[in-house]
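Dumped protein.txt below, it's compact mmCIF, C-alpha atoms and all ligand atoms:
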```txt
# COMPACT_ATOMS: atom_id res chain seq x y z
CA MET A 1 -11.49 44.75 54.32
CA LYS A 2 -9.47 46.44 57.01
CA ILE A 3 -8.01 49.89 56.56
CA ALA A 4 -6.08 52.27 58.79
CA LEU A 5 -7.10 55.92 58.91
CA GLY A 6 -4.24 58.18 60.00
CA VAL A 7 -5.35 61.50 61.46
CA SER A 8 -2.73 64.24 61.85
CA GLY A 9 -2.93 67.56 63.62
CA GLY A 10 -4.94 70.14 61.75
CA VAL A 11 -8.27 71.87 62.28
CA ALA A 12 -9.75 69.49 59.69
CA ALA A 13 -9.09 66.55 62.05
CA TYR A 14 -12.74 66.74 63.12
CA LYS A 15 -13.81 65.89 59.54
CA ALA A 16 -12.05 62.52 59.91
CA ALA A 17 -14.93 61.44 62.18
CA GLU A 18 -17.36 61.89 59.29
CA LEU A 19 -14.91 60.06 57.02
CA VAL A 20 -14.94 57.07 59.40
CA ARG A 21 -18.72 56.85 59.06
CA ARG A 22 -18.57 57.12 55.27
CA LEU A 23 -15.90 54.40 55.02
CA GLN A 24 -17.94 52.15 57.28
CA GLN A 25 -20.81 52.45 54.78
CA GLU A 26 -18.44 50.71 52.35
CA LYS A 27 -18.22 47.85 54.89
CA LEU A 28 -14.62 48.77 55.68
CA ASP A 29 -13.23 47.95 59.11
CA VAL A 30 -11.47 51.18 60.14
CA GLN A 31 -8.57 51.30 62.61
CA VAL A 32 -7.82 54.92 63.56
CA VAL A 33 -4.25 56.07 64.23
CA MET A 34 -3.72 59.59 65.60
CA THR A 35 -0.60 61.70 65.87
CA ARG A 36 0.01 63.63 69.09
CA SER A 37 -1.00 66.94 67.55
CA ALA A 38 -4.20 65.43 66.15
CA GLN A 39 -5.22 64.72 69.75
CA GLU A 40 -5.02 68.47 70.47
CA PHE A 41 -7.93 68.93 68.03
CA VAL A 42 -10.09 65.84 68.59
CA ALA A 43 -10.19 63.36 71.47
CA PRO A 44 -9.32 59.74 70.59
CA LEU A 45 -12.54 58.77 72.40
CA THR A 46 -14.58 60.16 69.48
CA PHE A 47 -12.96 57.70 67.07
CA ALA A 48 -13.00 54.83 69.58
CA ALA A 49 -16.76 55.32 69.96
CA LEU A 50 -17.29 55.38 66.17
CA THR A 51 -15.13 52.37 65.37
CA GLY A 52 -15.58 50.30 68.52
CA GLN A 53 -11.80 49.83 68.56
CA LYS A 54 -8.96 51.31 70.57
CA VAL A 55 -7.35 54.24 68.76
CA ILE A 56 -3.59 53.89 68.33
CA THR A 57 -2.00 57.07 69.63
CA GLU A 58 1.54 56.07 70.59
CA MET A 59 4.16 53.58 69.47
CA PHE A 60 4.53 52.18 72.97
CA SER A 61 1.09 52.99 74.32
CA ALA A 62 -0.40 50.88 77.09
CA ASP A 63 -3.62 50.86 79.06
CA ALA A 64 -4.10 53.87 81.35
CA GLY A 65 -1.85 53.70 84.38
CA ALA A 66 0.29 50.82 83.04
CA PRO A 67 3.85 51.43 81.88
CA ALA A 68 4.46 51.69 78.14
CA ASN A 69 5.42 48.31 76.80
CA VAL A 70 7.15 46.75 73.86
CA GLU A 71 4.31 44.22 73.35
CA SER A 72 2.02 47.05 72.35
CA ALA A 73 4.59 48.22 69.79
CA ILE A 74 4.79 44.72 68.29
CA GLU A 75 1.02 44.37 68.32
CA HIS A 76 0.63 47.76 66.68
CA ILE A 77 3.15 47.06 63.99
CA ALA A 78 1.17 43.92 63.12
CA VAL A 79 -1.47 46.39 61.87
CA ALA A 80 0.89 47.08 58.97
CA GLN A 81 0.50 43.49 57.76
CA ARG A 82 -3.23 43.33 58.35
CA ILE A 83 -4.44 46.40 56.50
CA ASP A 84 -5.56 46.55 52.87
CA LEU A 85 -4.99 50.30 52.67
CA LEU A 86 -3.66 53.25 54.67
CA VAL A 87 -5.45 56.58 54.26
CA ILE A 88 -4.14 59.71 55.95
CA ALA A 89 -6.71 62.50 56.27
CA PRO A 90 -5.96 65.21 57.09
CA ALA A 91 -2.24 65.07 56.33
CA THR A 92 -0.37 68.15 57.53
CA ALA A 93 2.64 69.66 55.72
CA ASN A 94 4.85 68.16 58.42
CA VAL A 95 3.42 64.65 57.95
CA LEU A 96 3.71 64.96 54.15
CA ALA A 97 7.39 65.85 54.54
CA LYS A 98 7.99 62.88 56.84
CA LEU A 99 6.21 60.51 54.45
CA ALA A 100 8.21 61.84 51.49
CA ARG A 101 11.54 61.43 53.33
CA GLY A 102 10.72 58.11 54.98
CA ILE A 103 11.00 59.47 58.52
CA ALA A 104 9.40 57.17 61.11
CA ASP A 105 9.31 59.01 64.43
CA ASP A 106 5.80 58.16 65.60
CA PHE A 107 3.31 55.37 65.04
CA LEU A 108 1.62 56.80 61.95
CA THR A 109 4.84 57.45 60.04
CA THR A 110 6.25 54.07 61.14
CA LEU A 111 3.09 52.38 59.89
CA HIS A 112 3.53 54.14 56.55
CA LEU A 113 6.99 52.60 56.17
CA ALA A 114 6.05 49.20 57.55
CA THR A 115 3.04 48.54 55.37
CA THR A 116 3.02 47.32 51.77
CA ALA A 117 -0.65 48.27 51.40
CA PRO A 118 -1.55 51.13 49.04
CA VAL A 119 -1.59 54.63 50.53
CA VAL A 120 -4.06 57.48 50.01
CA VAL A 121 -3.18 60.93 51.37
CA ALA A 122 -5.53 63.90 51.71
CA PRO A 123 -3.50 67.00 52.65
CA ALA A 124 -4.96 70.00 54.52
CA MET A 125 -3.06 73.12 55.53
CA ASN A 126 -2.65 76.86 55.12
CA VAL A 127 -2.56 77.98 51.44
CA ASN A 128 1.04 79.25 51.61
CA MET A 129 2.21 76.02 53.22
CA TRP A 130 0.41 74.02 50.48
CA GLU A 131 1.90 76.11 47.67
CA HIS A 132 5.40 76.14 49.16
CA PRO A 133 7.87 74.44 46.79
CA ALA A 134 9.00 72.14 49.61
CA THR A 135 5.45 70.82 50.09
CA GLN A 136 4.86 70.53 46.34
CA GLU A 137 8.12 68.57 45.96
CA ASN A 138 7.04 66.25 48.75
CA VAL A 139 3.65 65.70 47.10
CA GLU A 140 5.33 64.92 43.77
CA ALA A 141 7.75 62.49 45.46
CA LEU A 142 4.81 60.64 47.03
CA ARG A 143 2.88 60.59 43.74
CA ALA A 144 5.91 59.19 41.93
CA ARG A 145 5.95 56.40 44.50
CA GLY A 146 2.34 55.49 43.71
CA VAL A 147 0.67 57.26 46.63
CA ARG A 148 -2.79 58.53 45.69
CA ILE A 149 -3.08 62.22 46.59
CA VAL A 150 -6.56 63.68 47.08
CA GLU A 151 -5.87 67.34 46.37
CA PRO A 152 -7.19 69.89 48.86
CA ASP A 153 -10.14 72.09 47.92
CA GLU A 154 -10.00 75.86 47.54
CA GLY A 155 -11.98 78.09 49.86
CA TYR A 156 -11.98 79.95 53.14
CA LEU A 157 -9.40 78.43 55.49
CA ALA A 158 -9.44 78.26 59.28
CA CYS A 159 -6.39 80.56 59.40
CA GLY A 160 -8.50 83.34 57.83
CA MET A 161 -6.90 83.12 54.36
CA THR A 162 -8.61 82.01 51.15
CA GLY A 163 -7.10 79.55 48.67
CA ALA A 164 -6.17 75.89 48.24
CA GLY A 165 -5.61 73.96 51.44
CA ARG A 166 -9.03 72.86 52.70
CA LEU A 167 -9.32 69.14 53.27
CA ALA A 168 -11.04 67.57 50.23
CA GLY A 169 -14.66 66.57 50.79
CA VAL A 170 -15.38 63.32 52.61
CA GLU A 171 -17.01 61.97 49.44
CA ALA A 172 -13.91 62.67 47.31
CA ILE A 173 -11.64 60.94 49.85
CA ALA A 174 -14.00 57.96 50.16
CA ARG A 175 -14.18 57.71 46.35
CA ALA A 176 -10.37 57.61 46.10
CA VAL A 177 -10.20 54.91 48.80
CA CYS A 178 -12.82 52.84 46.97
CA GLU A 179 -11.09 53.23 43.62
CA VAL A 180 -7.74 52.12 45.03
CA LEU A 181 -9.40 49.16 46.76
CA GLY A 182 -11.34 48.28 43.60
CA ILE A 183 -14.70 48.87 45.31
CA ARG A 184 -17.41 49.77 42.81
CA HIS A 185 -21.18 49.61 43.02
CA ASP A 186 -22.12 48.31 39.60
CA PHE A 187 -23.01 44.88 41.05
CA ASP A 188 -25.26 46.24 43.79
CA GLY A 189 -28.38 44.08 43.98
CA GLU A 190 -26.73 41.13 42.16
CA THR A 191 -26.02 37.78 43.80
CA ALA A 192 -23.07 35.99 42.24
CA LEU A 193 -22.36 32.31 42.64
CA VAL A 194 -18.71 31.53 41.87
CA THR A 195 -17.16 28.06 41.79
CA ALA A 196 -13.44 27.63 42.34
CA GLY A 197 -10.70 25.10 42.85
CA PRO A 198 -10.54 21.42 41.95
CA THR A 199 -12.89 18.59 42.79
CA CYS A 200 -11.56 15.28 44.16
CA GLU A 201 -12.82 11.81 43.29
CA ASP A 202 -11.85 9.02 45.67
CA LEU A 203 -10.28 5.77 44.47
CA ASP A 204 -10.07 4.39 47.98
CA PRO A 205 -9.84 5.92 51.49
CA VAL A 206 -6.31 7.26 50.87
CA ARG A 207 -6.10 8.09 47.16
CA PHE A 208 -8.09 10.33 44.87
CA LEU A 209 -8.15 11.81 41.35
CA THR A 210 -7.87 15.59 41.16
CA ASN A 211 -6.26 18.36 39.08
CA ARG A 212 -3.89 21.31 39.42
CA SER A 213 -6.44 24.05 40.13
CA SER A 214 -5.32 26.30 43.02
CA GLY A 215 -8.62 28.21 43.18
CA LYS A 216 -6.88 31.56 42.52
CA MET A 217 -8.99 32.42 39.45
CA GLY A 218 -12.29 31.67 41.21
CA TYR A 219 -11.29 33.44 44.44
CA ALA A 220 -10.25 36.52 42.42
CA LEU A 221 -13.71 36.51 40.79
CA ALA A 222 -15.43 36.22 44.16
CA ASP A 223 -13.29 39.03 45.55
CA ALA A 224 -13.88 41.34 42.56
CA ALA A 225 -17.65 40.69 42.52
CA GLY A 226 -17.87 41.41 46.27
CA ARG A 227 -15.90 44.64 45.95
CA ARG A 228 -18.29 45.74 43.19
CA GLY A 229 -21.29 45.29 45.46
CA ALA A 230 -22.52 41.75 44.75
CA ARG A 231 -23.55 39.30 47.45
CA VAL A 232 -21.20 36.42 46.74
CA ILE A 233 -21.56 32.68 47.33
CA LEU A 234 -18.24 30.94 46.72
CA ILE A 235 -18.53 27.18 46.23
CA SER A 236 -15.02 25.88 46.44
CA GLY A 237 -13.18 22.60 46.19
CA PRO A 238 -10.17 22.14 48.49
CA THR A 239 -7.65 25.02 48.21
CA ALA A 240 -5.02 26.64 50.43
CA LEU A 241 -6.63 30.08 50.03
CA GLU A 242 -8.37 32.37 52.52
CA PRO A 243 -11.84 33.29 51.27
CA PRO A 244 -12.16 37.00 50.40
CA ALA A 245 -13.77 39.17 53.08
CA GLY A 246 -17.56 39.28 53.08
CA VAL A 247 -17.97 36.23 50.86
CA GLU A 248 -20.08 33.22 51.91
CA LEU A 249 -17.89 30.13 51.50
CA VAL A 250 -19.43 26.72 50.82
CA SER A 251 -16.71 24.05 50.94
CA VAL A 252 -17.14 20.92 48.84
CA ARG A 253 -14.86 18.09 47.82
CA THR A 254 -16.40 15.95 45.10
CA THR A 255 -18.12 16.82 41.84
CA GLU A 256 -21.36 15.41 43.24
CA GLU A 257 -21.12 17.76 46.27
CA MET A 258 -20.36 20.71 44.01
CA TYR A 259 -23.26 19.73 41.73
CA ARG A 260 -25.74 19.65 44.62
CA ALA A 261 -24.46 22.87 46.18
CA VAL A 262 -24.52 24.78 42.88
CA LEU A 263 -27.99 23.62 41.85
CA GLU A 264 -29.41 24.38 45.29
CA ARG A 265 -27.85 27.84 45.65
CA ALA A 266 -28.17 28.98 42.02
CA THR A 267 -31.86 29.74 42.60
CA GLU A 268 -30.76 32.72 44.77
CA CYS A 269 -28.36 34.03 42.15
CA THR A 270 -28.44 36.40 39.20
CA VAL A 271 -24.99 35.43 37.91
CA VAL A 272 -23.18 32.06 37.99
CA ILE A 273 -19.48 31.89 37.15
CA LYS A 274 -17.96 28.42 36.94
CA ALA A 275 -14.21 28.81 37.29
CA ALA A 276 -13.79 25.47 39.10
CA ALA A 277 -11.85 22.70 37.41
CA VAL A 278 -14.43 19.97 37.82
CA ALA A 279 -13.48 16.31 37.37
CA ASP A 280 -15.09 14.98 34.21
CA TYR A 281 -14.77 11.35 35.35
CA ARG A 282 -14.89 9.51 38.65
CA PRO A 283 -14.27 5.87 39.66
CA VAL A 284 -17.41 3.78 39.13
CA SER A 285 -17.05 2.21 42.57
CA PRO A 286 -14.46 3.61 44.96
CA HIS A 287 -12.92 0.91 47.15
CA SER A 288 -13.90 1.04 50.80
CA LYS A 289 -10.49 -0.37 51.87
CA LYS A 290 -7.05 0.74 50.73
CA LEU A 291 -6.17 -0.87 47.40
CA LYS A 292 -3.22 -3.25 47.90
CA ARG A 293 -0.28 -3.33 45.56
CA GLY A 294 -0.28 -6.43 43.35
CA ALA A 295 2.09 -7.82 40.77
CA GLY A 296 -0.08 -7.12 37.73
CA ARG A 297 -1.61 -4.03 36.14
CA LEU A 298 -4.53 -2.25 37.71
CA THR A 299 -7.37 -0.97 35.54
CA LEU A 300 -9.70 1.71 36.90
CA GLU A 301 -13.18 1.99 35.52
CA LEU A 302 -14.39 5.59 35.35
CA GLU A 303 -17.81 7.05 34.66
CA PRO A 304 -18.71 10.60 33.62
CA THR A 305 -19.62 13.06 36.38
CA PRO A 306 -22.75 15.20 36.05
CA ASP A 307 -22.16 18.28 33.90
CA ILE A 308 -23.06 21.07 36.32
CA LEU A 309 -22.98 23.92 33.81
CA SER A 310 -25.16 22.11 31.25
CA ASP A 311 -27.74 21.13 33.89
CA LEU A 312 -27.84 24.71 35.18
CA ALA A 313 -28.49 26.02 31.67
CA ARG A 314 -31.77 24.03 31.55
CA GLU A 315 -33.29 26.23 34.28
CA LYS A 316 -31.46 29.36 33.24
CA GLY A 317 -34.14 32.06 33.44
CA ASP A 318 -32.59 35.57 33.50
CA ARG A 319 -29.41 34.30 35.09
CA ILE A 320 -26.14 35.06 33.32
CA LEU A 321 -24.11 31.86 33.02
CA VAL A 322 -20.34 32.05 32.63
CA GLY A 323 -18.27 28.95 31.99
CA PHE A 324 -14.54 28.50 31.62
CA ALA A 325 -12.70 26.38 29.08
CA ALA A 326 -9.27 25.10 30.08
CA GLU A 327 -7.69 24.09 26.77
CA THR A 328 -4.35 22.88 25.50
CA ASP A 329 -5.05 23.11 21.73
CA HIS A 330 -7.53 24.65 19.24
CA VAL A 331 -8.63 27.01 22.01
CA SER A 332 -11.11 29.13 20.01
CA GLU A 333 -12.80 26.14 18.37
CA HIS A 334 -13.25 24.34 21.70
CA ALA A 335 -14.46 27.52 23.41
CA ARG A 336 -17.09 28.18 20.72
CA GLU A 337 -18.22 24.57 20.96
CA LYS A 338 -18.53 24.82 24.80
CA LEU A 339 -20.49 28.09 24.47
CA ARG A 340 -22.97 26.27 22.23
CA ALA A 341 -23.05 22.87 23.96
CA LYS A 342 -23.29 24.24 27.52
CA ARG A 343 -25.71 27.04 26.51
CA ALA A 344 -23.64 29.57 28.44
CA ASP A 345 -23.78 33.35 27.94
CA LEU A 346 -20.02 33.68 28.13
CA ILE A 347 -17.09 31.28 27.92
CA VAL A 348 -13.71 32.33 29.30
CA ALA A 349 -11.07 30.31 27.49
CA ASN A 350 -7.52 29.90 28.73
CA ASP A 351 -4.75 27.99 27.04
CA VAL A 352 -3.25 26.35 30.11
CA THR A 353 -0.01 25.51 28.26
CA GLN A 354 0.87 29.23 27.91
CA GLU A 355 3.44 30.74 30.28
CA GLY A 356 1.61 32.90 32.87
CA ALA A 357 -1.80 31.35 32.14
CA GLY A 358 -4.06 28.79 33.78
CA PHE A 359 -3.36 26.65 36.81
CA ASP A 360 -1.80 28.16 39.93
CA HIS A 361 -0.32 31.29 38.27
CA GLU A 362 -0.98 34.75 39.70
CA THR A 363 -1.79 35.87 36.15
CA ASN A 364 -3.95 34.54 33.35
CA ILE A 365 -4.31 35.05 29.59
CA VAL A 366 -7.90 34.61 28.48
CA SER A 367 -10.22 35.09 25.52
CA LEU A 368 -13.91 35.82 26.02
CA PHE A 369 -16.59 34.33 23.74
CA THR A 370 -20.12 35.63 24.21
CA ARG A 371 -23.51 34.32 23.10
CA ASP A 372 -23.99 37.49 21.00
CA GLY A 373 -20.90 36.69 18.96
CA ARG A 374 -18.30 38.93 20.60
CA GLU A 375 -14.76 37.56 20.83
CA LEU A 376 -12.20 39.40 22.89
CA SER A 377 -8.59 38.35 23.49
CA LEU A 378 -7.04 39.89 26.60
CA PRO A 379 -3.31 40.24 27.26
CA ARG A 380 -1.64 38.64 30.29
CA MET A 381 -2.89 40.33 33.46
CA SER A 382 -3.40 39.54 37.15
CA LYS A 383 -6.26 37.15 37.90
CA PHE A 384 -7.97 40.01 39.76
CA ASP A 385 -7.87 42.19 36.63
CA VAL A 386 -9.10 39.26 34.49
CA ALA A 387 -11.95 38.86 36.98
CA ASN A 388 -12.95 42.50 36.57
CA ARG A 389 -12.90 42.22 32.77
CA ILE A 390 -15.18 39.17 32.99
CA LEU A 391 -17.53 41.08 35.30
CA ASP A 392 -17.56 44.04 32.86
CA GLU A 393 -18.66 41.62 30.13
CA VAL A 394 -21.35 40.13 32.41
CA LEU A 395 -22.80 43.62 32.92
CA ARG A 396 -22.72 44.32 29.18
CA LEU A 397 -24.63 41.07 28.54
CA ARG A 398 -27.11 41.93 31.29
CA HIS A 399 -27.82 45.36 29.77
CA ALA A 400 -28.01 43.93 26.25
CA SER A 401 -30.57 41.34 27.34
CA ARG A 402 -32.72 44.02 29.00
CA GLN A 403 -32.93 46.11 25.82
CA VAL A 404 -35.98 45.34 23.69
CA PRO A 405 -34.67 44.62 20.18
CA THR A 406 -36.37 46.84 17.59
CA VAL A 407 -35.87 46.42 13.87
CA GLU A 408 -36.66 49.40 11.69
CA GLY A 409 -39.99 48.89 9.96
CA ALA A 410 -40.92 45.95 12.16
CA PRO A 411 -43.83 46.21 14.60
CA GLY A 412 -42.81 47.65 17.97
CA PRO A 413 -43.60 45.99 21.29
CA ASP A 414 -46.94 47.88 21.65
CA THR A 415 -48.49 46.89 18.34
O1 LIG B 501 -7.66 27.62 39.96
P1 LIG B 501 -6.46 28.22 39.25
O2 LIG B 501 -5.17 27.55 39.66
O3 LIG B 501 -6.41 29.71 39.38
O4 LIG B 501 -6.61 27.90 37.68
C1 LIG B 501 -7.64 28.50 36.97
C2 LIG B 501 -8.31 27.49 36.00
C3 LIG B 501 -7.33 27.04 34.94
C4 LIG B 501 -8.83 26.28 36.77
C5 LIG B 501 -9.53 28.26 35.36
O5 LIG B 501 -9.06 29.36 34.67
C6 LIG B 501 -10.31 27.36 34.42
O6 LIG B 501 -10.04 27.24 33.24
N1 LIG B 501 -11.38 26.69 34.97
C7 LIG B 501 -12.19 25.69 34.26
C8 LIG B 501 -11.46 24.40 34.19
C9 LIG B 501 -12.28 23.33 33.53
O7 LIG B 501 -12.72 22.43 34.18
O8 LIG B 501 -12.53 23.51 32.26
P2 LIG B 501 -13.36 22.48 31.33
O9 LIG B 501 -13.07 22.96 29.95
O10 LIG B 501 -13.00 21.08 31.67
O11 LIG B 501 -14.87 22.72 31.73
C10 LIG B 501 -15.70 23.66 31.05
C11 LIG B 501 -16.68 24.30 31.99
O12 LIG B 501 -17.63 23.32 32.43
C12 LIG B 501 -16.06 24.89 33.25
O13 LIG B 501 -16.73 26.08 33.55
C13 LIG B 501 -16.35 23.84 34.31
O14 LIG B 501 -16.47 24.43 35.60
C14 LIG B 501 -17.67 23.25 33.83
N2 LIG B 501 -17.87 21.84 34.19
C15 LIG B 501 -16.98 20.90 33.83
C16 LIG B 501 -17.22 19.57 34.17
C17 LIG B 501 -18.40 19.23 34.87
N3 LIG B 501 -18.63 17.99 35.23
N4 LIG B 501 -19.25 20.19 35.20
C18 LIG B 501 -19.03 21.49 34.87
O15 LIG B 501 -19.84 22.36 35.18
```

Could you show the structure in this file as structure tokens?
Ligand code: PMT
Amino acid sequence: MKIALGVSGGVAAYKAAELVRRLQQEKLDVQVVMTRSAQEFVAPLTFAALTGQKVITEMFSADAGAPANVESAIEHIAVAQRIDLLVIAPATANVLAKLARGIADDFLTTLHLATTAPVVVAPAMNVNMWEHPATQENVEALRARGVRIVEPDEGYLACGMTGAGRLAGVEAIARAVCEVLGIRHDFDGETALVTAGPTCEDLDPVRFLTNRSSGKMGYALADAAGRRGARVILISGPTALEPPAGVELVSVRTTEEMYRAVLERATECTVVIKAAAVADYRPVSPHSKKLKRGAGRLTLELEPTPDILSDLAREKGDRILVGFAAETDHVSEHAREKLRAKRADLIVANDVTQEGAGFDHETNIVSLFTRDGRELSLPRMSKFDVANRILDEVLRLRHASRQVPTVEGAPGPDT
């Protein structure tokens, strides 16, 4: 993920260099933007050396010696579209006021208005400036707009006074950035294989059978698992989506290709989540030439495809297996039956006839059915949030399976 780090002019500007390093540990690609006064405290070269990228210092900046140009302004403003988050640390009282009022008189404040990415602000200033009602009103205005404020610490300040105003610790700022970006570490050490999208089964060289899966549910799972620390292998049928950053994409088209890819790569994985809408049938013998229109009816003979999830379950080991059930009726009954028949640990059932659920929507409405008998119905939420709830359940199952069951009065594991 790409983020912009805005540095404004306070003594704490030097701490932003340490923040760059900490954010890079989260595999974030950091573009630094400095105000003019920030450059009085730290040279842009420091940040350029740390990030390996040019620091943006001016709206119309150009290479040394060349005249300022409008291309650079356009190029810079493109940063607003590219970033996943803007963090400003340190933010001076002056910058806070400009952010609160929507003033855009330099690159950083213009970027703040031009981006739709979430914003995290870590103020740092003299204690009286921080406690001034004008500053507090500005902070409240930003909070009300959804900006995440990382409150300054109390302590000895560079101006010689003691009180609130010290830039929050690098760890606290990094934690806020991670929380807003949905980065957690509870999947560190796990390798997740996620399938997504539809599969296609050819009838002839120009026609094929497929379904309405957009891949959004599977891509959201891959994204969420990656942000939580997992290595992610995304095996996807054809979709119009960009793979999430840091995810290994394996593109497939047919059920047979998905079958082979999943069985081959599953050996590396600790979790397999099958969100793909896999064709259950395929033509027995696809025509090698385009089928010509005739006067009479055309009958297609179809045969079942291999059941990937069931075959995976045979060599399950410690792997957690998650299947989906796309249903149009008797959702719970079908889901419980799939949990049993496919020997999965968890089935995520969605009634694809419900408004806001299933194919191609940004949201989904799902119920979770686990092998240990838990049933959980979730309200409508974004596919990303659904993905995180599924991952929470995967972790719960993982911990449950690691606990040695002891029954009171029964012999313990040592006897
Ligand atoms: O992609 P979106 O537009 O975001 O839509 C999301 C979705 C509706 C596709 C998703 O939420 C979903 O329900 N995916 C599973 C669709 C499906 O094929 O369900 P099923 O009930 O037919 O299959 C049950 C399970 O067996 C699934 O995990 C499926 O991946 C798996 N399966 C099915 C057939 C087969 N030959 N091999 C399999 O492994």

Please write out, as JSON, where the centre of an axis-aligned box around all listed atoms of segment 272-289 of chain A lies and how long its edges are, in Å to one decimal, after adding 5 Å on each side.
```
{"center_x": -16.8, "center_y": 15.8, "center_z": 43.0, "size_x": 22.7, "size_y": 42.4, "size_z": 27.7}
```

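Rounded to one decimal, atom C4 of ligand LIG 501 (chain B) and atom CA of Thr255 of chain A lie 14.2 Å from each other.
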
*asked:* Can you pull out every residue with an atom within 6 Å of ligand LIG 501 (chain B)? Use all atoms listed in the file and format it as a count of residues only.
replied: 26

Write out, as a Markdown table, each residue of segment 175-233 of chain A that has an atom at most 12 Å from segment 134-149 of chain A, together with the closest pair of atoms and their distance in Å to one decimal, counting only C-alpha atoms, rows going by chain and rising number.
```
| residue | atom | partner | partner_atom | distance |
| --- | --- | --- | --- | --- |
| A:Arg175 | CA | A:Arg148 | CA | 11.4 |
| A:Ala176 | CA | A:Arg148 | CA | 7.6 |
| A:Val177 | CA | A:Arg148 | CA | 8.8 |
| A:Cys178 | CA | A:Arg148 | CA | 11.6 |
| A:Glu179 | CA | A:Arg148 | CA | 10.1 |
| A:Val180 | CA | A:Arg148 | CA | 8.1 |
| A:Leu181 | CA | A:Arg148 | CA | 11.5 |
```

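Between atom CA of Arg380 of chain A and atom CA of Tyr219 of chain A lies a distance of 17.9 Å.
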
*Provide the atom CA of Ser236 of chain A to atom CA of Pro198 of chain A distance in Å, to one decimal place.*
7.8 Å

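By only C-alpha atoms, and with residues fewer than 3 positions from Ile77 of chain A along its chain excluded, the set lying at most 8 Å from it is Ala73, Ile74, Ala80, Gln81, Leu111 and Ala114 of chain A.
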
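Using only C-alpha atoms for every distance, the candidate list A:Arg336, A:Lys15, A:His185, A:Lys98 yields A:Lys15 as the residue closest to Arg166 of chain A.
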
Set out as a Markdown table a contact list for segment 257-376 of chain A and segment 239-250 of chain A with a cut-off of 10 Å, giving each residue of segment 257-376 of chain A that qualifies its closest atom pair and distance in Å to one decimal, counting only C-alpha atoms, ordered by chain and rising residue number.
```
| residue | atom | partner | partner_atom | distance |
| --- | --- | --- | --- | --- |
| A:Met258 | CA | A:Val250 | CA | 9.1 |
| A:Ala261 | CA | A:Val250 | CA | 7.9 |
| A:Val262 | CA | A:Val250 | CA | 9.6 |
| A:Arg265 | CA | A:Val250 | CA | 9.9 |
```

_Of the listed residues A:Lys292, A:His76, A:Arg82, A:His361, that which approaches Arg207 of chain A most closely, counting only C-alpha atoms_ = A:Lys292

*Given only C-alpha atoms as the counted atoms, nearest of A:Ile103, A:Leu300, A:Leu108, A:Val386 to Leu221 of chain A*: A:Val386

Excluding segment 188-191 of chain A and any residue of its chain fewer than 4 positions from it, enumerate the residues within 8 Å of it, using all atoms listed in the file, and give them as a short mmCIF file (atom, residue, chain, number, x, y, z; two decimals) with C-alpha atoms, in the coordinates of the input.
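Written out: selection_24.cif:
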```
data_model
loop_
_atom_site.label_atom_id
_atom_site.label_comp_id
_atom_site.auth_asym_id
_atom_site.auth_seq_id
_atom_site.Cartn_x
_atom_site.Cartn_y
_atom_site.Cartn_z
CA ARG A 228 -18.29 45.74 43.19
CA GLY A 229 -21.29 45.29 45.46
CA ALA A 230 -22.52 41.75 44.75
CA ARG A 231 -23.55 39.30 47.45
CA VAL A 232 -21.20 36.42 46.74
CA ILE A 233 -21.56 32.68 47.33
CA GLU A 268 -30.76 32.72 44.77
CA CYS A 269 -28.36 34.03 42.15
CA THR A 270 -28.44 36.40 39.20
CA VAL A 271 -24.99 35.43 37.91
#
```

*Which residue out of A:Val11, A:Leu99, A:Ala16, A:Ala266 has the minimum interatomic distance to Arg319 of chain A when only C-alpha atoms are used?*
A:Ala266

*Closest to Val119 of chain A among A:Val33, A:Arg184, A:Tyr156, A:Leu5, using only C-alpha atoms?*
A:Leu5

*asked:* From the options A:Cys200, A:Ala17, A:Ile173, A:Ile390, which residue's atoms come nearest to Ala43 of chain A, counting only C-alpha atoms?
replied: A:Ala17
